[in-house]
Amino acid sequence: MIVNDLLLPSALQMQRLGIIGEITVCDMRVAALKALKENPELREAFPGQEFRTCPALEEEDSDDPELYKQVLAKKDPFGAVIIALPDHLHYPVLKGVLPFNQHILCVKPLVLKYDQALEIEAEALERGVFIGVEYHKRFDRRSLLARKHYRQGDLGDFALGESKLIEPYFYRHSNFQNWFTCENTDPFVYVGCHYVDLVCFITDLKPAKVSVTGRKGIFPNGKEGYMWSNGRVVFENGGILSVNNGLGYPDDSAGGNDQGLVMYFDGDDCGGLLAHDDHDRGVEYGFSANQTKRFQYINPDFFRLAPWEGDGLKPIGYGYDSVAATLTTASAIEAEVADHDPDDAMKIRRAAIGKANDKRLIATPMNSAYNELVQEAARMSILNDGDVALIDYSDDRPVVKLRN
Ligand SMILES: NC(=O)c1ccc[n+]([C@@H]2O[C@H](COP(=O)([O-])OP(=O)(O)OC[C@H]3O[C@@H](n4cnc5c(N)ncnc54)[C@H](O)[C@@H]3O)[C@@H](O)[C@H]2O)c1
């Protein structure tokens, strides 16, 4: 779970640095909370640091999907909430959290519908709370450099691209089999969104046409899901991105998954190229003990707990940078409003939200709502056997529709 792998260790590091205070993790399943408390790597990394849980570890599982409200009712406003729940719960939980006036970091996808993204954006602005969407690939140094060079005009005009993210086969044996079914989602929506967002992040181009074809398969529990998907996104300038995704990277292969991005550009009577191998980042280990896979490609760039000059271990990588970007923005807003009356404080908060929207570094509900448009279009297409879905920006409110 992403709380264990990224969010909690990042929050603990920020607590260690004095940027955030007390941490409470809320999960309806006590077993999930126990696993976090007992994770030996977290104990080693953050000696002497604690976090509360809700429910307490001695209690039973909760059957209240709004348990988090009990925690928030005891918190002062304008702290921070991290939302890391299954995709379809993001919208109702965002709606449930917003009345508590907390800044929010939400894992991707923010929500599943474009209108929902606009609704969340409007309510957050009204309340003066900042929302960051955790698209961490944006904070990979290679993405930041690519964005800089594209914007400087060093690469040319995006013409053709190829992206892939193939998750391991063993996902089919996980909890995925209960919800990753044809009517709910598909590999394009689940992980293809990362590279579509990245191409938008690098180029600032809007996606205009989407078609996705899926290949179905049967999970071990008998449910049917799309195990593979091949998508094509055409951007407003005619640039074409092919997006290959699936749950099928061999479990005993060296990487954690297979992923990467290649982009070609039209320059001034010449071509441009960007190629990111995000699968083999040049680090190979042949382990002799303590690992399930002997030979592995190690990704030192996303998230690792590494030795540092302080006690324990410190999170390094773009996963941490991404979490820290939103939480630091929220913390900086609150530091700025500290000596102001409530009216001025609200103006300052709204100005800071506008500035982050315009900067387009952290994904916000406003500046990344094209992701929800692409998602809507992709679902329409895959459920109609790959028919092209168009995103029409000619009205104030973009419209997604099948071409025929
Ligand atoms: N690369 C990425 O950006 C990335 C990677 C992994 C996951 N994610 C996203 O993170 C989210 C969570 O994924 P995950 O793999 O951690 O899932 P998970 O199933 O491991 O964890 C979700 C947890 O939510 C708990 N839960 C469900 N409903 C709840 C409620 N109402 N109140 C409290 N707890 C509740 C469940 O008990 C479970 O422990 C998804 O939206 C997923 O798309 C993003």
# chains A, B, ... in the order shown; residues from 1 in each chain; ligands from 1
>>> residues_near_ligand(ligand="ligand 1", cutoff="6 Å", atoms="only C-alpha atoms and all ligand atoms", output="list in words")
Met1, Ile2, Val3, Cys26, Asp27, Met28, Arg29, Ala32, Pro65, Glu66, Ala84, Leu85, Pro86, Asp87, Val107, Lys108 and Tyr135 of chain A
>>> write_last_selection(atoms="all heavy atoms", output="CSV table (one decimal), in the first residue's frame")
chain,number,residue,atom,x,y,z
A,1,MET,N,0.8,-1.2,0.0
A,1,MET,CA,0.0,0.0,0.0
A,1,MET,C,0.9,1.3,0.0
A,1,MET,O,2.0,1.3,0.6
A,1,MET,CB,-1.0,0.0,1.2
A,1,MET,CG,-0.4,0.3,2.5
A,1,MET,SD,-1.3,-0.1,3.9
A,1,MET,CE,-2.7,1.0,3.9
A,2,ILE,N,0.3,2.2,-0.7
A,2,ILE,CA,1.2,3.4,-0.9
A,2,ILE,C,1.4,4.2,0.4
A,2,ILE,O,2.4,4.9,0.5
A,2,ILE,CB,0.5,4.3,-2.0
A,2,ILE,CG1,1.5,5.4,-2.5
A,2,ILE,CG2,-0.8,5.0,-1.5
A,2,ILE,CD1,1.3,5.9,-3.8
A,3,VAL,N,0.6,4.0,1.4
A,3,VAL,CA,0.8,4.6,2.7
A,3,VAL,C,2.1,4.1,3.3
A,3,VAL,O,3.0,4.9,3.8
A,3,VAL,CB,-0.3,4.4,3.7
A,3,VAL,CG1,0.0,4.9,5.1
A,3,VAL,CG2,-1.6,5.0,3.2
A,26,CYS,N,-5.6,6.7,9.7
A,26,CYS,CA,-6.9,6.2,9.9
A,26,CYS,C,-7.1,5.1,8.8
A,26,CYS,O,-6.9,5.4,7.6
A,26,CYS,CB,-7.9,7.3,9.8
A,26,CYS,SG,-9.6,6.8,9.8
A,27,ASP,N,-7.5,3.9,9.2
A,27,ASP,CA,-7.8,2.9,8.3
A,27,ASP,C,-8.9,2.0,8.9
A,27,ASP,O,-8.8,1.7,10.1
A,27,ASP,CB,-6.6,2.0,7.9
A,27,ASP,CG,-6.8,1.1,6.7
A,27,ASP,OD1,-7.8,0.3,6.7
A,27,ASP,OD2,-6.0,1.2,5.8
A,28,MET,N,-9.9,1.6,8.2
A,28,MET,CA,-11.0,0.8,8.8
A,28,MET,C,-10.5,-0.6,9.2
A,28,MET,O,-11.1,-1.2,10.1
A,28,MET,CB,-12.1,0.6,7.7
A,28,MET,CG,-12.9,1.9,7.5
A,28,MET,SD,-13.9,1.7,6.0
A,28,MET,CE,-15.2,0.6,6.6
A,29,ARG,N,-9.4,-1.0,8.6
A,29,ARG,CA,-8.8,-2.3,9.0
A,29,ARG,C,-7.7,-2.2,10.0
A,29,ARG,O,-6.6,-1.6,9.6
A,29,ARG,CB,-8.3,-3.1,7.7
A,29,ARG,CG,-9.5,-3.5,6.8
A,29,ARG,CD,-8.9,-4.2,5.6
A,29,ARG,NE,-7.8,-3.5,5.0
A,29,ARG,CZ,-6.6,-4.0,4.7
A,29,ARG,NH1,-6.3,-5.2,5.1
A,29,ARG,NH2,-5.7,-3.3,4.1
A,32,ALA,N,-4.2,-3.4,8.8
A,32,ALA,CA,-3.4,-2.5,8.0
A,32,ALA,C,-2.6,-1.6,8.9
A,32,ALA,O,-1.4,-1.2,8.6
A,32,ALA,CB,-4.3,-1.7,7.1
A,65,PRO,N,-17.3,3.9,7.3
A,65,PRO,CA,-16.5,4.5,6.2
A,65,PRO,C,-16.2,6.0,6.4
A,65,PRO,O,-15.3,6.5,5.7
A,65,PRO,CB,-17.3,4.3,4.9
A,65,PRO,CG,-18.7,4.1,5.4
A,65,PRO,CD,-18.7,3.5,6.8
A,66,GLU,N,-16.8,6.6,7.4
A,66,GLU,CA,-16.5,8.0,7.7
A,66,GLU,C,-15.8,8.2,9.0
A,66,GLU,O,-15.9,9.2,9.7
A,66,GLU,CB,-17.8,8.8,7.6
A,66,GLU,CG,-18.5,8.7,6.3
A,66,GLU,CD,-19.6,9.8,6.1
A,66,GLU,OE1,-20.2,10.2,7.1
A,66,GLU,OE2,-19.8,10.1,4.9
A,84,ALA,N,-5.5,8.5,0.7
A,84,ALA,CA,-4.9,7.4,-0.1
A,84,ALA,C,-5.8,6.2,0.0
A,84,ALA,O,-5.5,5.2,0.6
A,84,ALA,CB,-3.5,7.0,0.5
A,85,LEU,N,-7.0,6.3,-0.6
A,85,LEU,CA,-8.0,5.3,-0.5
A,85,LEU,C,-8.2,4.8,-2.0
A,85,LEU,O,-7.8,5.4,-2.9
A,85,LEU,CB,-9.3,5.9,0.0
A,85,LEU,CG,-9.2,6.4,1.4
A,85,LEU,CD1,-10.5,7.3,1.7
A,85,LEU,CD2,-9.1,5.3,2.4
A,86,PRO,N,-8.9,3.6,-2.1
A,86,PRO,CA,-9.3,3.2,-3.5
A,86,PRO,C,-9.9,4.3,-4.3
A,86,PRO,O,-10.6,5.2,-3.8
A,86,PRO,CB,-10.2,2.0,-3.2
A,86,PRO,CG,-9.8,1.5,-1.9
A,86,PRO,CD,-9.4,2.7,-1.1
A,87,ASP,N,-9.6,4.3,-5.6
A,87,ASP,CA,-9.9,5.4,-6.5
A,87,ASP,C,-11.3,5.9,-6.4
A,87,ASP,O,-11.6,7.1,-6.3
A,87,ASP,CB,-9.7,5.0,-8.0
A,87,ASP,CG,-8.3,4.6,-8.3
A,87,ASP,OD1,-7.4,4.6,-7.3
A,87,ASP,OD2,-8.0,4.3,-9.4
A,107,VAL,N,-3.8,11.1,-3.5
A,107,VAL,CA,-3.1,10.3,-4.5
A,107,VAL,C,-3.8,10.4,-5.8
A,107,VAL,O,-5.0,10.7,-5.8
A,107,VAL,CB,-2.9,8.9,-4.0
A,107,VAL,CG1,-2.0,8.8,-2.8
A,107,VAL,CG2,-4.3,8.2,-3.8
A,108,LYS,N,-3.2,10.0,-6.9
A,108,LYS,CA,-3.9,10.1,-8.2
A,108,LYS,C,-4.8,8.9,-8.2
A,108,LYS,O,-4.5,7.9,-7.6
A,108,LYS,CB,-2.9,10.0,-9.3
A,108,LYS,CG,-2.1,8.7,-9.5
A,108,LYS,CD,-2.8,7.6,-10.1
A,108,LYS,CE,-2.3,6.3,-9.8
A,108,LYS,NZ,-3.2,5.2,-10.1
A,135,TYR,N,1.0,13.2,-8.4
A,135,TYR,CA,1.5,12.7,-9.6
A,135,TYR,C,3.0,12.7,-9.5
A,135,TYR,O,3.7,13.7,-10.0
A,135,TYR,CB,1.0,13.4,-10.8
A,135,TYR,CG,-0.3,13.0,-11.3
A,135,TYR,CD1,-1.4,13.8,-11.0
A,135,TYR,CD2,-0.5,11.8,-12.0
A,135,TYR,CE1,-2.7,13.4,-11.4
A,135,TYR,CE2,-1.8,11.5,-12.4
A,135,TYR,CZ,-2.9,12.3,-12.1
A,135,TYR,OH,-4.1,11.9,-12.5
>>> residues_around(residues="Phe235 (chain A)", least_positions_apart="6", cutoff="12 Å", atoms="only C-alpha atoms", output="list in words")
Asp157, Phe158, Ala159, Leu160, Gly161, Val196, Asp197, Val199, Cys200, Thr203, Asp204, Leu205, Lys206, Pro207, Ala208, Lys209, Val210, Leu241, Ser242, Tyr370, Val374, Leu390, Ile391, Asp392 and Tyr393 of chain A
>>> write_last_selection(atoms="N, CA and C atoms", output="tab-separated table (two decimals), in the first residue's frame")
chain	number	residue	atom	x	y	z
A	157	ASP	N	8.58	20.62	-31.52
A	157	ASP	CA	7.14	20.46	-31.29
A	157	ASP	C	6.87	18.95	-31.14
A	158	PHE	N	6.18	18.55	-30.08
A	158	PHE	CA	5.94	17.12	-29.86
A	158	PHE	C	5.21	16.51	-31.05
A	159	ALA	N	5.77	15.42	-31.59
A	159	ALA	CA	5.18	14.81	-32.78
A	159	ALA	C	4.68	13.39	-32.50
A	160	LEU	N	5.53	12.56	-31.87
A	160	LEU	CA	5.16	11.15	-31.71
A	160	LEU	C	5.81	10.61	-30.43
A	161	GLY	N	5.06	9.81	-29.69
A	161	GLY	CA	5.63	9.29	-28.45
A	161	GLY	C	5.14	7.90	-28.14
A	196	VAL	N	0.43	9.98	-19.52
A	196	VAL	CA	-0.35	11.03	-20.20
A	196	VAL	C	-0.15	12.35	-19.43
A	197	ASP	N	-0.24	12.26	-18.10
A	197	ASP	CA	-0.01	13.48	-17.30
A	197	ASP	C	1.40	14.03	-17.54
A	199	VAL	N	3.34	13.75	-20.23
A	199	VAL	CA	3.48	14.41	-21.53
A	199	VAL	C	2.82	15.80	-21.47
A	200	CYS	N	1.68	15.89	-20.79
A	200	CYS	CA	1.05	17.21	-20.62
A	200	CYS	C	1.94	18.11	-19.78
A	203	THR	N	4.94	19.22	-21.98
A	203	THR	CA	4.67	20.02	-23.18
A	203	THR	C	3.63	21.12	-22.99
A	204	ASP	N	2.81	21.00	-21.93
A	204	ASP	CA	1.66	21.91	-21.73
A	204	ASP	C	0.61	21.77	-22.83
A	205	LEU	N	0.67	20.67	-23.61
A	205	LEU	CA	-0.35	20.45	-24.64
A	205	LEU	C	-1.59	19.79	-24.03
A	206	LYS	N	-2.74	20.07	-24.63
A	206	LYS	CA	-3.99	19.45	-24.14
A	206	LYS	C	-4.30	18.20	-24.94
A	207	PRO	N	-4.73	17.12	-24.27
A	207	PRO	CA	-5.17	15.92	-24.99
A	207	PRO	C	-6.50	16.17	-25.67
A	208	ALA	N	-6.64	15.75	-26.93
A	208	ALA	CA	-7.85	16.06	-27.68
A	208	ALA	C	-8.63	14.83	-28.16
A	209	LYS	N	-7.93	13.69	-28.34
A	209	LYS	CA	-8.61	12.47	-28.82
A	209	LYS	C	-8.01	11.29	-28.06
A	210	VAL	N	-8.87	10.34	-27.68
A	210	VAL	CA	-8.38	9.17	-26.94
A	210	VAL	C	-9.05	7.93	-27.51
A	241	LEU	N	0.53	10.07	-28.92
A	241	LEU	CA	1.20	9.28	-27.88
A	241	LEU	C	0.56	7.90	-27.81
A	242	SER	N	1.40	6.87	-27.94
A	242	SER	CA	0.90	5.51	-27.75
A	242	SER	C	1.15	5.12	-26.30
A	370	TYR	N	-7.44	17.99	-16.95
A	370	TYR	CA	-7.42	17.25	-18.22
A	370	TYR	C	-7.27	15.75	-17.95
A	374	VAL	N	-9.36	12.87	-19.79
A	374	VAL	CA	-8.77	11.71	-20.48
A	374	VAL	C	-9.35	10.42	-19.92
A	390	LEU	N	-13.64	11.99	-28.31
A	390	LEU	CA	-13.10	13.34	-28.55
A	390	LEU	C	-13.28	14.20	-27.31
A	391	ILE	N	-12.29	15.04	-27.05
A	391	ILE	CA	-12.43	16.03	-25.97
A	391	ILE	C	-12.54	17.38	-26.66
A	392	ASP	N	-13.71	17.95	-26.59
A	392	ASP	CA	-14.00	19.19	-27.31
A	392	ASP	C	-13.89	20.37	-26.34
A	393	TYR	N	-12.90	21.25	-26.61
A	393	TYR	CA	-12.64	22.38	-25.71
A	393	TYR	C	-13.31	23.66	-26.21
>>> residues_around(residues="Arg349 (chain A)", least_positions_apart="6", cutoff="9 Å", atoms="only C-alpha atoms", output="CSV table (one decimal) with all heavy atoms, in the first residue's frame")
chain,number,residue,atom,x,y,z
A,125,LEU,N,-11.2,26.3,-3.1
A,125,LEU,CA,-10.8,27.8,-3.2
A,125,LEU,C,-11.7,28.6,-2.3
A,125,LEU,O,-11.2,29.5,-1.6
A,125,LEU,CB,-11.0,28.2,-4.7
A,125,LEU,CG,-10.5,29.6,-5.0
A,125,LEU,CD1,-9.0,29.7,-4.8
A,125,LEU,CD2,-10.9,30.0,-6.4
A,127,ARG,N,-12.9,27.8,0.5
A,127,ARG,CA,-12.5,27.5,1.9
A,127,ARG,C,-11.0,27.9,2.1
A,127,ARG,O,-10.6,27.9,3.2
A,127,ARG,CB,-12.7,26.1,2.2
A,127,ARG,CG,-14.1,25.6,2.3
A,127,ARG,CD,-14.2,24.1,2.6
A,127,ARG,NE,-15.6,23.7,2.7
A,127,ARG,CZ,-16.4,23.9,3.7
A,127,ARG,NH1,-15.9,24.5,4.8
A,127,ARG,NH2,-17.7,23.6,3.7
A,128,GLY,N,-10.3,28.2,1.0
A,128,GLY,CA,-8.9,28.6,1.2
A,128,GLY,C,-8.0,27.4,1.5
A,128,GLY,O,-7.0,27.6,2.2
A,129,VAL,N,-8.4,26.2,1.0
A,129,VAL,CA,-7.5,25.1,1.3
A,129,VAL,C,-6.8,24.6,0.0
A,129,VAL,O,-7.4,24.6,-1.1
A,129,VAL,CB,-8.2,23.9,2.0
A,129,VAL,CG1,-8.8,24.3,3.3
A,129,VAL,CG2,-9.3,23.2,1.1
A,130,PHE,N,-5.5,24.3,0.1
A,130,PHE,CA,-4.7,23.9,-1.0
A,130,PHE,C,-4.8,22.4,-1.2
A,130,PHE,O,-4.7,21.7,-0.3
A,130,PHE,CB,-3.3,24.3,-0.8
A,130,PHE,CG,-2.4,23.9,-1.9
A,130,PHE,CD1,-2.5,24.5,-3.2
A,130,PHE,CD2,-1.4,22.9,-1.7
A,130,PHE,CE1,-1.7,24.1,-4.2
A,130,PHE,CE2,-0.6,22.5,-2.7
A,130,PHE,CZ,-0.7,23.1,-4.0
A,333,ILE,N,1.9,28.3,3.4
A,333,ILE,CA,0.7,29.2,3.4
A,333,ILE,C,0.4,29.6,4.8
A,333,ILE,O,0.1,30.7,5.2
A,333,ILE,CB,-0.5,28.5,2.7
A,333,ILE,CG1,-0.2,28.3,1.2
A,333,ILE,CG2,-1.8,29.2,2.9
A,333,ILE,CD1,-1.2,27.4,0.5
A,334,GLU,N,0.4,28.5,5.7
A,334,GLU,CA,0.0,28.8,7.1
A,334,GLU,C,1.0,29.7,7.8
A,334,GLU,O,0.6,30.5,8.7
A,334,GLU,CB,-0.2,27.5,7.8
A,334,GLU,CG,-1.5,26.7,7.3
A,334,GLU,CD,-2.7,27.6,7.2
A,334,GLU,OE1,-3.1,28.3,8.1
A,334,GLU,OE2,-3.3,27.7,6.1
A,336,GLU,N,2.6,32.1,6.4
A,336,GLU,CA,2.4,33.4,5.9
A,336,GLU,C,1.1,34.1,6.5
A,336,GLU,O,1.1,35.3,6.7
A,336,GLU,CB,2.2,33.3,4.3
A,336,GLU,CG,2.5,34.7,3.7
A,336,GLU,CD,2.3,34.6,2.2
A,336,GLU,OE1,2.4,33.5,1.6
A,336,GLU,OE2,2.0,35.7,1.6
A,337,VAL,N,0.1,33.3,6.8
A,337,VAL,CA,-1.1,33.9,7.3
A,337,VAL,C,-1.1,34.1,8.8
A,337,VAL,O,-2.0,34.8,9.3
A,337,VAL,CB,-2.4,33.1,6.9
A,337,VAL,CG1,-2.5,32.8,5.4
A,337,VAL,CG2,-2.4,31.7,7.7
>>> closest_residue(among="A:Leu98, A:Ile131, A:Ala332, A:Leu145", to="Asn367 (chain A)", atoms="only C-alpha atoms")
A:Ile131
>>> atom_distance(atom1="CA of Gln259 (chain A)", atom2="CA of Gln152 (chain A)")
26.4 Å
>>> closest_residue(among="A:Ala146, A:Leu94, A:Ala124, A:Ile240", to="Phe201 (chain A)", atoms="only C-alpha atoms")
A:Ala146
